[in-house]
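Visitor: Sending over a structure as C-alpha cells; questions will come in a sec.
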Amino acid sequence: MSISRRFGALSFLAVAAIAAALLAGCGSSTKAPTAKPVTLTVFAASSLTGTFTDLGKKFEATHPGVTVSFDFGGSSDLVAQIQQGAPADVFASADESNMAKLASDHLQGETPRDFASNTLEIVTPPNNPAHISSFADLGHPGINLVICAPEVPCGAAAKKVAAAADVTLKPVSEEQSVKDVLAKVTSGDAMAGLVYATDVKAAGAAVHGVVFPQASSAVNTYPIVTITGSKNGALAREFMTLVLGATGQTVLAHAGFARP
Amino acid sequence: MTHQRAAAIPRWIYLPAALGATFVLLPLIAISTKVDWPHFAALISSDSSRAALVLSLKTSGASTALCVLLGVPMATVLARTSFPGQGLLRSLVLLPLVLPPVVGGLALLYTFGRNGLLGHTLAVLGIRIAFSTIAVIMAQTFVALPFLVLSLEGALRTGGQRYEVVAASLGAKPTTVFRRITLPLVMPGLLAGAVLSFARALGEFGATITFAGSLQGVTRTLPLEIYLQREGDPDAAVALALVLVVVAVLIIAIARPERAGR
C-alpha cells in the first residue's frame, strides 16, 4: 500500500519533470530567432590570458547577446576538467600533447587547428647582473638559473633546447610553471630564467629578454578545437575562425606569438 | 560525576554530523580508489618520490624543533606576563594561521630575498637563503609556529601557577621553576602542539613554492612533488597523495591521546 503510494508520487514527479523540460524546450526554441543571451565558454591555456580576453571582447562586440566566458589555466588541468564533463565550448591548448588527450576521449568537435607558436627566451632582471648574452652563458656557475621542471611543457622545451645547444644547465630551482620562473626573476632572486617570448613581452620593463638561435629547436604549437556536445557549436566555430583569422593573428602577433 | 549519564543530544543532530563526516571522508575514499595499486610500490619508491619524502620528513623535523625552541618562550611570555599591547602582539604572532601561505611566502621573500629587507646584509655575509633547504625550513616554521604557541599558551593558562608560586616561595630560582615545574606540567600540551606543528609543516606548500623554489632533494618537498607529478604522471601524484594522507593520519593518531590526557 505504502509502496504503491510512494511509487505513485514518484511517477507524478517524473511526469512533472518531463513536462517542465518539454515546456522549457518549447520556450527556448520559440525564442531562438531573437537575440537570447548566450554564454560561450572558452577554456584556454594561461599564456593566452591577455590575447584571448581581448579577442573575447571583440567577439562580443560583433555578436550582440553573446557573452564569452573564459577559464584560463594549465592546459593539462583544463583537459582534465573537460574530461570530467566541464561545459567548455572551445579549448585552446598550449601544446599538442594535451590536445591529443581529448582526441582519445572523442571530445574534439573537429580536427584541431594550429593558431600560434611560442619559443623560449632568456629572461634576466632589467640590469642583467650576470651579463647573460647567449644560451651558453646559462651554463656558467653562480648565476642562480631558474627553469621549468621537465614534467611541464616549458621545462620539456628547456631540456630540448639545452640538448640542441649542448649546454648543461644547473638550475637552482625547477618551477611548476613559467609564471613561477618569471616571479623568481622579477623578484631578483634568480639572475636568469627560461620563459616564453610572450612572457618576456608581457613583463615589459620589469625584465630584460635575450633571444637565442637555439630556441628554434623547441617550438611550442598552440592548437584550438571545439568540444563535442557543445550547445553553441556554431558560435564556437565562429570564435575559432576569429582566432585563426586576420584579427586573431594580429592580436597574437602583438603579444609576441609567432605564426604556427 | 564519572557515573553520571551524559546528557542526551537531539537525535536530529546526527544527520548534519554524518553529512559533515561524509563530506570529509568521501574524498579520501575517492582518492584511494584512484590509486594504481599494482604499481603503488614502484610509484612511491622512484628516486624523485623518495627524495621528496625524505626531504619533507627532515625539513618538517627541523622546523618543528625550531618551533619548540622559539614557541615555548613565546607562549610563556604571552601566558605568564602582561604588558601594554600584548593582545595585539598575540594576534600578530598568530597571523600566519589565517594568512594564505602564498602571502607568507611573499613576505619571507621580501625579507630574506636578494632584494629583500635583509637581502643586502645577508649577501654581504655571503649567505644565500632563497633556493636552499634553509628556505624550506623557514617557510614551514613561519606557518607552523602559531600552532605550537596556541596550544602551549592554552596549556599554560589552564595549568595555572599554583605549583610555580609554591616552588618560588621555597626559594627556587625562576629558571629552576620553569625547568622543573612549568615545563613538565605542560608537557602534554607541548607534545600536542609539536605534533600539530609537524603536521602543518609536512603539508606546507604555498610559502615553500613562493619562497624556496623547487629542486629535487633540495627544496622539492612532498606536496610540491605531488603538484608537479600531477602534470607528468598523475598516477604517481595520487600514490604520493595517499602516502601524505597516511602520514597525516598517523600523526593525528599520535596526537590524540596527548590531547585527551590534558
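Quick note on naming: the chains in the C-alpha cells go A, B, ... in the order shown, residues restart at 1 in each chain, and ligands are numbered from 1 in order of appearance.
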Might you pull out every residue within 8 Å of Leu55 (chain B), with only C-alpha atoms counted and same-chain residues fewer than 2 positions away left off, and present them as a JSON list (two decimals) with N, CA and C atoms, in the first residue's frame?
Guide:
[["chain", "number", "residue", "atom", "x", "y", "z"],
["B", 51, "ALA", "N", 63.23, 11.07, -2.62],
["B", 51, "ALA", "CA", 63.92, 12.31, -2.27],
["B", 51, "ALA", "C", 62.94, 13.30, -1.64],
["B", 52, "ALA", "N", 61.72, 13.37, -2.21],
["B", 52, "ALA", "CA", 60.73, 14.31, -1.70],
["B", 52, "ALA", "C", 60.27, 13.92, -0.29],
["B", 53, "LEU", "N", 60.04, 12.61, -0.08],
["B", 53, "LEU", "CA", 59.57, 12.15, 1.22],
["B", 53, "LEU", "C", 60.63, 12.39, 2.30],
["B", 57, "LEU", "N", 60.30, 14.92, 5.52],
["B", 57, "LEU", "CA", 60.42, 14.48, 6.92],
["B", 57, "LEU", "C", 61.54, 15.25, 7.62],
["B", 58, "LYS", "N", 62.68, 15.43, 6.91],
["B", 58, "LYS", "CA", 63.81, 16.14, 7.52],
["B", 58, "LYS", "C", 63.47, 17.60, 7.81],
["B", 59, "THR", "N", 62.91, 18.29, 6.80],
["B", 59, "THR", "CA", 62.63, 19.71, 6.99],
["B", 59, "THR", "C", 61.52, 19.91, 8.03],
["B", 217, "GLY", "N", 65.47, 17.03, -3.99],
["B", 217, "GLY", "CA", 66.44, 16.78, -2.93],
["B", 217, "GLY", "C", 66.88, 18.02, -2.18],
["B", 218, "VAL", "N", 66.54, 19.21, -2.69],
["B", 218, "VAL", "CA", 66.98, 20.45, -2.03],
["B", 218, "VAL", "C", 65.78, 21.21, -1.47],
["B", 219, "THR", "N", 64.80, 21.48, -2.34],
["B", 219, "THR", "CA", 63.65, 22.25, -1.89],
["B", 219, "THR", "C", 62.31, 21.61, -2.27],
["B", 220, "ARG", "N", 62.33, 20.53, -3.07],
["B", 220, "ARG", "CA", 61.06, 19.97, -3.53],
["B", 220, "ARG", "C", 60.51, 18.97, -2.52],
["B", 221, "THR", "N", 59.65, 19.46, -1.63],
["B", 221, "THR", "CA", 59.05, 18.60, -0.61],
["B", 221, "THR", "C", 57.91, 17.78, -1.22],
["B", 222, "LEU", "N", 57.33, 16.90, -0.42],
["B", 222, "LEU", "CA", 56.29, 16.00, -0.91],
["B", 222, "LEU", "C", 55.10, 16.74, -1.55]]
Visitor: Compile the residues of chain B that lie within 10 Å of chain A, evaluated using only C-alpha atoms, and express the compilation as a PyMOL selection string.
Guide: chain B and resi 106+109-110+112-116+119+128-132+209-216+218-220+224-225+227-233
Visitor: How would the residues just picked look written out with N, CA and C atoms as a JSON list (two decimals), in the first residue's frame?
Guide:
[["chain", "number", "residue", "atom", "x", "y", "z"],
["B", 106, "LEU", "N", 55.55, 35.29, 0.15],
["B", 106, "LEU", "CA", 55.92, 36.60, -0.40],
["B", 106, "LEU", "C", 56.58, 37.45, 0.68],
["B", 109, "LEU", "N", 59.98, 36.34, 1.21],
["B", 109, "LEU", "CA", 60.80, 36.72, 0.06],
["B", 109, "LEU", "C", 61.23, 38.18, 0.18],
["B", 110, "TYR", "N", 60.30, 39.04, 0.61],
["B", 110, "TYR", "CA", 60.61, 40.46, 0.72],
["B", 110, "TYR", "C", 61.46, 40.75, 1.95],
["B", 112, "PHE", "N", 63.94, 38.08, 3.20],
["B", 112, "PHE", "CA", 65.21, 37.38, 3.08],
["B", 112, "PHE", "C", 65.68, 37.20, 1.63],
["B", 113, "GLY", "N", 64.86, 37.62, 0.66],
["B", 113, "GLY", "CA", 65.25, 37.51, -0.74],
["B", 113, "GLY", "C", 66.40, 38.45, -1.06],
["B", 114, "ARG", "N", 66.97, 38.31, -2.28],
["B", 114, "ARG", "CA", 68.14, 39.10, -2.63],
["B", 114, "ARG", "C", 67.86, 40.60, -2.58],
["B", 115, "ASN", "N", 66.64, 40.99, -2.98],
["B", 115, "ASN", "CA", 66.27, 42.40, -2.93],
["B", 115, "ASN", "C", 65.41, 42.70, -1.70],
["B", 116, "GLY", "N", 65.39, 41.79, -0.74],
["B", 116, "GLY", "CA", 64.54, 41.95, 0.43],
["B", 116, "GLY", "C", 65.16, 42.86, 1.47],
["B", 119, "GLY", "N", 68.16, 41.34, 2.57],
["B", 119, "GLY", "CA", 68.87, 40.71, 1.46],
["B", 119, "GLY", "C", 70.30, 41.20, 1.32],
["B", 128, "ARG", "N", 73.14, 32.83, 1.14],
["B", 128, "ARG", "CA", 72.04, 32.81, 0.18],
["B", 128, "ARG", "C", 70.95, 31.90, 0.75],
["B", 129, "ILE", "N", 69.79, 32.48, 1.00],
["B", 129, "ILE", "CA", 68.71, 31.69, 1.60],
["B", 129, "ILE", "C", 67.75, 31.16, 0.54],
["B", 130, "ALA", "N", 67.37, 32.01, -0.43],
["B", 130, "ALA", "CA", 66.44, 31.56, -1.46],
["B", 130, "ALA", "C", 67.03, 30.34, -2.16],
["B", 131, "PHE", "N", 66.17, 29.42, -2.57],
["B", 131, "PHE", "CA", 66.55, 28.19, -3.28],
["B", 131, "PHE", "C", 67.36, 27.22, -2.42],
["B", 132, "SER", "N", 67.35, 27.36, -1.10],
["B", 132, "SER", "CA", 68.09, 26.42, -0.25],
["B", 132, "SER", "C", 67.12, 25.71, 0.69],
["B", 209, "ILE", "N", 56.72, 27.10, -2.19],
["B", 209, "ILE", "CA", 56.86, 27.27, -3.64],
["B", 209, "ILE", "C", 57.14, 28.74, -3.99],
["B", 210, "THR", "N", 56.64, 29.65, -3.15],
["B", 210, "THR", "CA", 56.86, 31.07, -3.41],
["B", 210, "THR", "C", 58.26, 31.51, -3.00],
["B", 211, "PHE", "N", 58.71, 30.99, -1.86],
["B", 211, "PHE", "CA", 59.94, 31.50, -1.25],
["B", 211, "PHE", "C", 61.15, 30.62, -1.56],
["B", 212, "ALA", "N", 60.97, 29.29, -1.60],
["B", 212, "ALA", "CA", 62.14, 28.41, -1.64],
["B", 212, "ALA", "C", 62.44, 27.87, -3.04],
["B", 213, "GLY", "N", 61.44, 27.82, -3.91],
["B", 213, "GLY", "CA", 61.67, 27.21, -5.22],
["B", 213, "GLY", "C", 61.40, 25.71, -5.16],
["B", 214, "SER", "N", 61.87, 24.99, -6.18],
["B", 214, "SER", "CA", 61.54, 23.57, -6.28],
["B", 214, "SER", "C", 62.66, 22.85, -7.00],
["B", 215, "LEU", "N", 63.47, 22.13, -6.25],
["B", 215, "LEU", "CA", 64.55, 21.34, -6.85],
["B", 215, "LEU", "C", 64.66, 20.02, -6.09],
["B", 216, "GLN", "N", 64.72, 18.93, -6.85],
["B", 216, "GLN", "CA", 64.74, 17.59, -6.24],
["B", 216, "GLN", "C", 65.84, 17.48, -5.18],
["B", 218, "VAL", "N", 66.54, 19.21, -2.69],
["B", 218, "VAL", "CA", 66.98, 20.45, -2.03],
["B", 218, "VAL", "C", 65.78, 21.21, -1.47],
["B", 219, "THR", "N", 64.80, 21.48, -2.34],
["B", 219, "THR", "CA", 63.65, 22.25, -1.89],
["B", 219, "THR", "C", 62.31, 21.61, -2.27],
["B", 220, "ARG", "N", 62.33, 20.53, -3.07],
["B", 220, "ARG", "CA", 61.06, 19.97, -3.53],
["B", 220, "ARG", "C", 60.51, 18.97, -2.52],
["B", 224, "LEU", "N", 55.04, 19.60, -3.02],
["B", 224, "LEU", "CA", 55.49, 20.17, -4.30],
["B", 224, "LEU", "C", 55.65, 19.07, -5.34],
["B", 225, "GLU", "N", 56.16, 17.92, -4.91],
["B", 225, "GLU", "CA", 56.34, 16.79, -5.82],
["B", 225, "GLU", "C", 54.98, 16.29, -6.34],
["B", 227, "TYR", "N", 52.26, 18.07, -6.62],
["B", 227, "TYR", "CA", 51.75, 19.09, -7.52],
["B", 227, "TYR", "C", 52.42, 18.99, -8.88],
["B", 228, "LEU", "N", 53.72, 18.69, -8.88],
["B", 228, "LEU", "CA", 54.48, 18.60, -10.14],
["B", 228, "LEU", "C", 54.11, 17.32, -10.89],
["B", 229, "GLN", "N", 54.03, 16.20, -10.17],
["B", 229, "GLN", "CA", 53.74, 14.92, -10.82],
["B", 229, "GLN", "C", 52.36, 14.90, -11.45],
["B", 230, "ARG", "N", 51.46, 15.69, -10.88],
["B", 230, "ARG", "CA", 50.10, 15.78, -11.40],
["B", 230, "ARG", "C", 50.12, 16.13, -12.88],
["B", 231, "GLU", "N", 51.14, 16.90, -13.31],
["B", 231, "GLU", "CA", 51.27, 17.28, -14.72],
["B", 231, "GLU", "C", 51.75, 16.10, -15.56],
["B", 232, "GLY", "N", 52.85, 15.49, -15.10],
["B", 232, "GLY", "CA", 53.50, 14.48, -15.93],
["B", 232, "GLY", "C", 53.01, 13.07, -15.69],
["B", 233, "ASP", "N", 52.79, 12.70, -14.43],
["B", 233, "ASP", "CA", 52.46, 11.33, -14.09],
["B", 233, "ASP", "C", 51.39, 11.33, -13.00]]
Visitor: Mind pulling up the distance from CA of Thr241 (chain A) to CA of Asn98 (chain A)?
Guide: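 A separation of 21.2 Å between them.
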Visitor: Rounded to one decimal place, report the CA of Ala44 (chain A)-CA of Ala236 (chain A) distance in Å.
Guide: 13.1 Å
Visitor: Tell me, in Å to one decimal, how far CA of Gly20 (chain B) is from CA of Val249 (chain B).
Guide: 18.0 Å
Visitor: Excluding same-chain residues fewer than 4 positions from Val77 (chain B), what lies within 12 Å of it counting only C-alpha atoms, as a list of chain:residue names?
Guide: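 Listing them by chain and then by number gives B:Leu70, B:Gly71, B:Val72, B:Pro73, B:Thr81, B:Ser82, B:Phe83, B:Gln86, B:Gly87, B:Leu89, B:Arg90, B:Val149, B:Leu152, B:Glu153, B:Leu156, B:Arg157, B:Phe178.
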